[in-house]
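Reproduced below: my_file.cif, with mmCIF, C-alpha atoms.
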```
data_run
loop_
_atom_site.label_atom_id
_atom_site.label_comp_id
_atom_site.auth_asym_id
_atom_site.auth_seq_id
_atom_site.Cartn_x
_atom_site.Cartn_y
_atom_site.Cartn_z
CA MET A 1 4.70 -11.74 -20.43
CA GLY A 2 1.36 -11.31 -22.18
CA ASN A 3 0.16 -8.23 -24.00
CA GLU A 4 -2.46 -7.55 -21.31
CA HIS A 5 0.37 -6.97 -18.81
CA LYS A 6 2.04 -4.49 -21.15
CA GLU A 7 -1.24 -2.66 -21.81
CA PHE A 8 -2.03 -2.26 -18.12
CA ILE A 9 1.55 -1.23 -17.27
CA GLN A 10 1.49 1.31 -20.10
CA GLU A 11 -1.76 2.76 -18.76
CA ALA A 12 -0.25 3.09 -15.27
CA VAL A 13 2.84 4.80 -16.72
CA ASP A 14 0.65 7.13 -18.80
CA MET A 15 -1.37 8.05 -15.70
CA ALA A 16 1.86 8.76 -13.80
CA ALA A 17 3.22 10.98 -16.58
CA GLU A 18 -0.08 12.88 -16.83
CA ASN A 19 -0.04 13.46 -13.07
CA VAL A 20 3.21 15.42 -13.39
CA GLY A 21 2.43 19.10 -13.63
CA THR A 22 -0.98 18.88 -11.95
CA GLY A 23 0.48 20.07 -8.66
CA LEU A 24 -1.48 17.31 -6.94
CA GLY A 25 1.22 14.69 -6.53
CA GLY A 26 4.28 12.91 -7.83
CA PRO A 27 4.93 10.86 -10.97
CA PHE A 28 3.20 7.65 -9.93
CA GLY A 29 0.15 5.76 -11.22
CA ALA A 30 -1.45 2.41 -10.42
CA ILE A 31 -4.26 0.20 -11.73
CA ILE A 32 -5.87 -2.79 -10.01
CA VAL A 33 -7.27 -5.50 -12.26
CA LYS A 34 -9.42 -8.52 -11.50
CA ASP A 35 -10.61 -11.03 -14.09
CA GLY A 36 -9.22 -8.81 -16.85
CA LYS A 37 -11.24 -5.75 -15.74
CA ILE A 38 -9.95 -2.59 -14.11
CA ILE A 39 -11.55 -2.31 -10.67
CA GLY A 40 -9.46 0.55 -9.29
CA LYS A 41 -7.14 3.35 -10.34
CA GLY A 42 -4.98 5.82 -8.49
CA VAL A 43 -2.35 8.47 -8.98
CA ASN A 44 -0.16 10.06 -6.35
CA ARG A 45 -2.06 12.81 -4.50
CA VAL A 46 0.38 13.51 -1.64
CA THR A 47 0.83 17.24 -2.26
CA GLY A 48 -2.74 17.89 -3.40
CA THR A 49 -4.27 16.37 -0.29
CA ASN A 50 -1.44 17.03 2.21
CA ASP A 51 -1.62 13.31 2.92
CA PRO A 52 1.73 11.48 2.98
CA THR A 53 -0.13 8.16 2.57
CA ALA A 54 -1.84 9.20 -0.69
CA HIS A 55 0.52 7.21 -2.90
CA ALA A 56 -0.79 5.87 -6.21
CA GLU A 57 -0.99 2.28 -4.96
CA VAL A 58 -2.86 3.27 -1.79
CA MET A 59 -5.26 5.42 -3.83
CA ALA A 60 -5.84 2.50 -6.22
CA ILE A 61 -6.46 0.13 -3.28
CA ARG A 62 -9.00 2.57 -1.82
CA ASP A 63 -10.74 2.95 -5.19
CA ALA A 64 -10.84 -0.79 -5.88
CA CYS A 65 -12.12 -1.69 -2.42
CA ARG A 66 -14.81 0.98 -2.65
CA ASN A 67 -15.81 -0.30 -6.10
CA ILE A 68 -16.06 -3.96 -5.10
CA GLY A 69 -17.46 -3.29 -1.63
CA HIS A 70 -14.84 -5.29 0.23
CA PHE A 71 -11.49 -4.69 1.94
CA ARG A 72 -9.78 -7.72 0.41
CA LEU A 73 -8.42 -7.80 -3.12
CA GLU A 74 -7.82 -11.52 -3.39
CA GLY A 75 -7.53 -12.62 -7.01
CA ALA A 76 -6.71 -9.09 -8.17
CA VAL A 77 -3.34 -7.77 -9.34
CA ILE A 78 -1.84 -4.30 -9.38
CA TYR A 79 0.04 -2.65 -12.21
CA THR A 80 2.09 0.28 -11.02
CA SER A 81 4.42 2.71 -12.72
CA CYS A 82 7.13 2.10 -10.12
CA GLU A 83 8.14 -0.59 -7.66
CA PRO A 84 6.01 -0.04 -4.52
CA CYS A 85 7.58 1.69 -1.52
CA PRO A 86 7.57 -0.08 1.88
CA MET A 87 4.25 1.52 2.91
CA CYS A 88 2.50 0.61 -0.34
CA LEU A 89 3.95 -2.89 -0.30
CA SER A 90 2.58 -3.37 3.22
CA ALA A 91 -0.84 -2.08 2.16
CA LEU A 92 -0.87 -4.48 -0.78
CA TYR A 93 -0.10 -7.39 1.53
CA TRP A 94 -2.88 -6.27 3.93
CA ALA A 95 -5.27 -6.09 0.95
CA ARG A 96 -4.31 -9.68 0.03
CA ILE A 97 -3.43 -8.66 -3.54
CA GLY A 98 -2.71 -11.61 -5.83
CA GLY A 99 0.21 -10.12 -7.74
CA ILE A 100 2.30 -7.00 -8.26
CA TYR A 101 3.62 -5.81 -11.62
CA PHE A 102 5.74 -2.66 -11.87
CA ALA A 103 7.39 -0.69 -14.67
CA THR A 104 10.47 0.87 -13.07
CA PRO A 105 12.55 -0.25 -10.08
CA ASN A 106 12.84 1.80 -6.90
CA THR A 107 16.38 2.75 -7.95
CA ASP A 108 14.89 4.80 -10.81
CA ALA A 109 12.58 6.54 -8.33
CA ALA A 110 15.62 7.29 -6.15
CA ARG A 111 17.37 8.93 -9.12
CA ALA A 112 14.32 11.21 -9.45
CA GLY A 113 14.39 12.15 -5.74
CA PHE A 114 12.04 9.49 -4.32
CA ASP A 115 14.50 7.39 -2.33
CA ASP A 116 13.04 4.70 -0.04
CA SER A 117 16.38 3.16 0.92
CA TYR A 118 16.43 4.99 4.27
CA ILE A 119 13.09 3.38 5.26
CA TYR A 120 14.24 -0.06 4.11
CA LYS A 121 17.32 0.33 6.33
CA GLN A 122 15.29 1.45 9.36
CA ILE A 123 12.73 -1.38 9.35
CA PRO A 124 15.02 -4.28 10.38
CA LEU A 125 16.73 -2.29 13.13
CA PRO A 126 15.84 -3.00 16.77
CA LEU A 127 13.39 -0.38 18.06
CA GLU A 128 15.97 1.33 20.23
CA GLU A 129 18.31 1.82 17.24
CA ARG A 130 15.81 3.51 14.90
CA ASP A 131 16.19 7.21 14.17
CA ILE A 132 12.61 8.01 15.17
CA PRO A 133 12.09 7.18 18.86
CA ILE A 134 9.67 4.29 19.24
CA ARG A 135 9.07 2.99 22.72
CA GLN A 136 6.47 0.85 24.43
CA VAL A 137 4.59 2.49 27.29
CA GLU A 138 3.14 -0.03 29.72
CA CYS A 139 -0.33 0.55 31.09
CA GLU A 140 -2.88 -1.24 33.20
CA ASP A 141 -4.82 -3.81 31.19
CA CYS A 142 -3.16 -2.88 27.88
CA PHE A 143 -4.29 -6.13 26.29
CA ARG A 144 -7.99 -5.36 26.97
CA PRO A 145 -8.83 -4.28 23.38
CA PHE A 146 -7.46 -7.57 22.10
CA THR A 147 -9.27 -9.55 24.78
CA ARG A 148 -12.53 -7.92 23.73
CA TRP A 149 -11.72 -8.66 20.08
CA LEU A 150 -10.98 -12.32 20.82
CA GLU A 151 -14.26 -12.64 22.73
CA TRP A 152 -16.42 -10.82 20.16
CA GLU A 153 -18.37 -13.40 18.20
CA ASP A 154 -19.65 -11.15 15.39
CA LYS A 155 -16.26 -9.78 14.32
CA VAL A 156 -15.24 -9.54 10.65
CA ARG A 157 -11.83 -11.11 10.45
CA TYR A 158 -9.13 -9.64 8.31
#
```
Would you mind writing the file's structure down as structure tokens?
Amino acid sequence: MGNEHKEFIQEAVDMAAENVGTGLGGPFGAIIVKDGKIIGKGVNRVTGTNDPTAHAEVMAIRDACRNIGHFRLEGAVIYTSCEPCPMCLSALYWARIGGIYFATPNTDAARAGFDDSYIYKQIPLPLEERDIPIRQVECEDCFRPFTRWLEWEDKVRY
């Protein structure tokens, strides 16, 4: 792997380490790069914002998208201090990121008290077997929002 990968990973790790002790979030940092330039950065801000979605990768996605003025990150890559959790991985797929590079595996995060294995085990279960109740509630014309979307000619597809 090239030196540029190591430099960006090191910066993400340094950001994560610096975030410890701020009281604003956990030990995670992320950088999004496109064409060799940093377009977005983020550190974990879960406790500082009382937002369970404020993970470093999500914060970096938000920053990058704001900076480039678009919701897609095609052609960009993310460097993150730790292997992305299921939520962050999903967000990266939705953002159409071009590659993911991480410093430590999720097993290291688990040793530090950030264990995602429970979520990974819940996802493939049938809805009725998941620990959090999740049930469909039928209603009249439930598909109407999608019908309107399909018929709307000026929509921005994503």
Atom-to-atom span, atom CA of Leu92 of chain A and atom CA of Val20 of chain A, Å: 23.9 Å
Contacts of Gly69 of chain A at 12 Å (all atoms listed in the file; same-chain gap of 5+ positions) as a list in words: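 Neighbouring residues, sequence-local ones excluded: Ile39, Gly40, Ile61, Arg62, Asp63 and Ala64 of chain A.
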Result set of the PyMOL selection byres ((chain A and resi 72) around 7) on the coordinates above, as a list in words: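 Taken over the shown coordinates, the PyMOL selection byres ((chain A and resi 72) around 7) returns His70, Phe71, Leu73, Glu74, Ala95 and Arg96 of chain A.
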Residue neighbourhood segment 116-122 of chain A, 8 Å, only C-alpha atoms, exclusion window fewer than 2 positions, as a PyMOL selection string: chain A and resi 85-86+106+110+114+124-125+130-131
Pick from A:Glu153, A:Asp141, A:Glu7, A:Asp108 nearest to Pro27 of chain A, counting only C-alpha atoms: A:Asp108
For atom CA of Ile38 of chain A and atom CA of Thr80 of chain A, the interatomic separation in Å (one decimal):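 Distance reported for this atom pair: 12.8 Å.
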Gap from atom CA of Pro105 of chain A to atom CA of Val13 of chain A - Å, one decimal: 12.8 Å
Nearest to Ala12 of chain A, chosen from A:Gly113, A:Pro126, A:Gly42, A:Gly25, with only C-alpha atoms counted in the distances: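 Of A:Gly113, A:Pro126, A:Gly42, A:Gly25, the one nearest Ala12 of chain A is A:Gly42, counting only C-alpha atoms.
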Top pick for closest residue to Met15 of chain A, considering A:Gly29, A:Arg144, A:Trp149, A:Asn3 and counting all atoms listed in the file: A:Gly29
Complete segment 6-24 of chain A at the level of N, CA, C and O atoms, written as a short mmCIF file (atom, residue, chain, number, x, y, z; two decimals), keeping the file's coordinate frame.
```cif
data_model
loop_
_atom_site.label_atom_id
_atom_site.label_comp_id
_atom_site.auth_asym_id
_atom_site.auth_seq_id
_atom_site.Cartn_x
_atom_site.Cartn_y
_atom_site.Cartn_z
N LYS A 6 1.42 -5.68 -20.57
CA LYS A 6 2.04 -4.49 -21.15
C LYS A 6 1.02 -3.36 -21.30
O LYS A 6 1.34 -2.19 -21.08
N GLU A 7 -0.21 -3.69 -21.66
CA GLU A 7 -1.24 -2.66 -21.81
C GLU A 7 -1.56 -2.01 -20.47
O GLU A 7 -1.66 -0.77 -20.39
N PHE A 8 -1.72 -2.81 -19.43
CA PHE A 8 -2.03 -2.26 -18.12
C PHE A 8 -0.85 -1.46 -17.55
O PHE A 8 -1.04 -0.39 -16.96
N ILE A 9 0.37 -1.96 -17.73
CA ILE A 9 1.55 -1.23 -17.27
C ILE A 9 1.65 0.10 -18.01
O ILE A 9 1.92 1.14 -17.41
N GLN A 10 1.42 0.07 -19.31
CA GLN A 10 1.49 1.31 -20.10
C GLN A 10 0.46 2.32 -19.61
O GLN A 10 0.75 3.51 -19.50
N GLU A 11 -0.73 1.85 -19.28
CA GLU A 11 -1.76 2.76 -18.76
C GLU A 11 -1.34 3.38 -17.43
O GLU A 11 -1.53 4.57 -17.20
N ALA A 12 -0.74 2.57 -16.55
CA ALA A 12 -0.25 3.09 -15.27
C ALA A 12 0.85 4.13 -15.48
O ALA A 12 0.87 5.18 -14.83
N VAL A 13 1.75 3.86 -16.41
CA VAL A 13 2.84 4.80 -16.72
C VAL A 13 2.26 6.08 -17.32
O VAL A 13 2.69 7.19 -16.96
N ASP A 14 1.29 5.95 -18.21
CA ASP A 14 0.65 7.13 -18.80
C ASP A 14 -0.04 7.98 -17.73
O ASP A 14 0.06 9.21 -17.74
N MET A 15 -0.73 7.33 -16.81
CA MET A 15 -1.37 8.05 -15.70
C MET A 15 -0.33 8.80 -14.88
O MET A 15 -0.56 9.96 -14.48
N ALA A 16 0.80 8.14 -14.60
CA ALA A 16 1.86 8.76 -13.80
C ALA A 16 2.42 9.99 -14.51
O ALA A 16 2.62 11.04 -13.89
N ALA A 17 2.67 9.85 -15.80
CA ALA A 17 3.22 10.98 -16.58
C ALA A 17 2.23 12.14 -16.63
O ALA A 17 2.62 13.30 -16.51
N GLU A 18 0.96 11.84 -16.79
CA GLU A 18 -0.08 12.88 -16.83
C GLU A 18 -0.23 13.57 -15.48
O GLU A 18 -0.63 14.74 -15.43
N ASN A 19 0.08 12.88 -14.40
CA ASN A 19 -0.04 13.46 -13.07
C ASN A 19 1.02 14.54 -12.81
O ASN A 19 0.80 15.44 -12.01
N VAL A 20 2.15 14.42 -13.53
CA VAL A 20 3.21 15.42 -13.39
C VAL A 20 2.68 16.75 -13.93
O VAL A 20 2.08 16.80 -14.99
N GLY A 21 2.88 17.79 -13.19
CA GLY A 21 2.43 19.10 -13.63
C GLY A 21 1.05 19.49 -13.13
O GLY A 21 0.62 20.62 -13.28
N THR A 22 0.35 18.55 -12.49
CA THR A 22 -0.98 18.88 -11.95
C THR A 22 -0.86 19.64 -10.63
O THR A 22 -1.80 20.30 -10.21
N GLY A 23 0.30 19.47 -9.97
CA GLY A 23 0.48 20.07 -8.66
C GLY A 23 -0.19 19.29 -7.56
O GLY A 23 -0.22 19.70 -6.41
N LEU A 24 -0.73 18.12 -7.91
CA LEU A 24 -1.48 17.31 -6.94
C LEU A 24 -0.69 16.15 -6.38
O LEU A 24 -1.10 15.54 -5.40
#
```
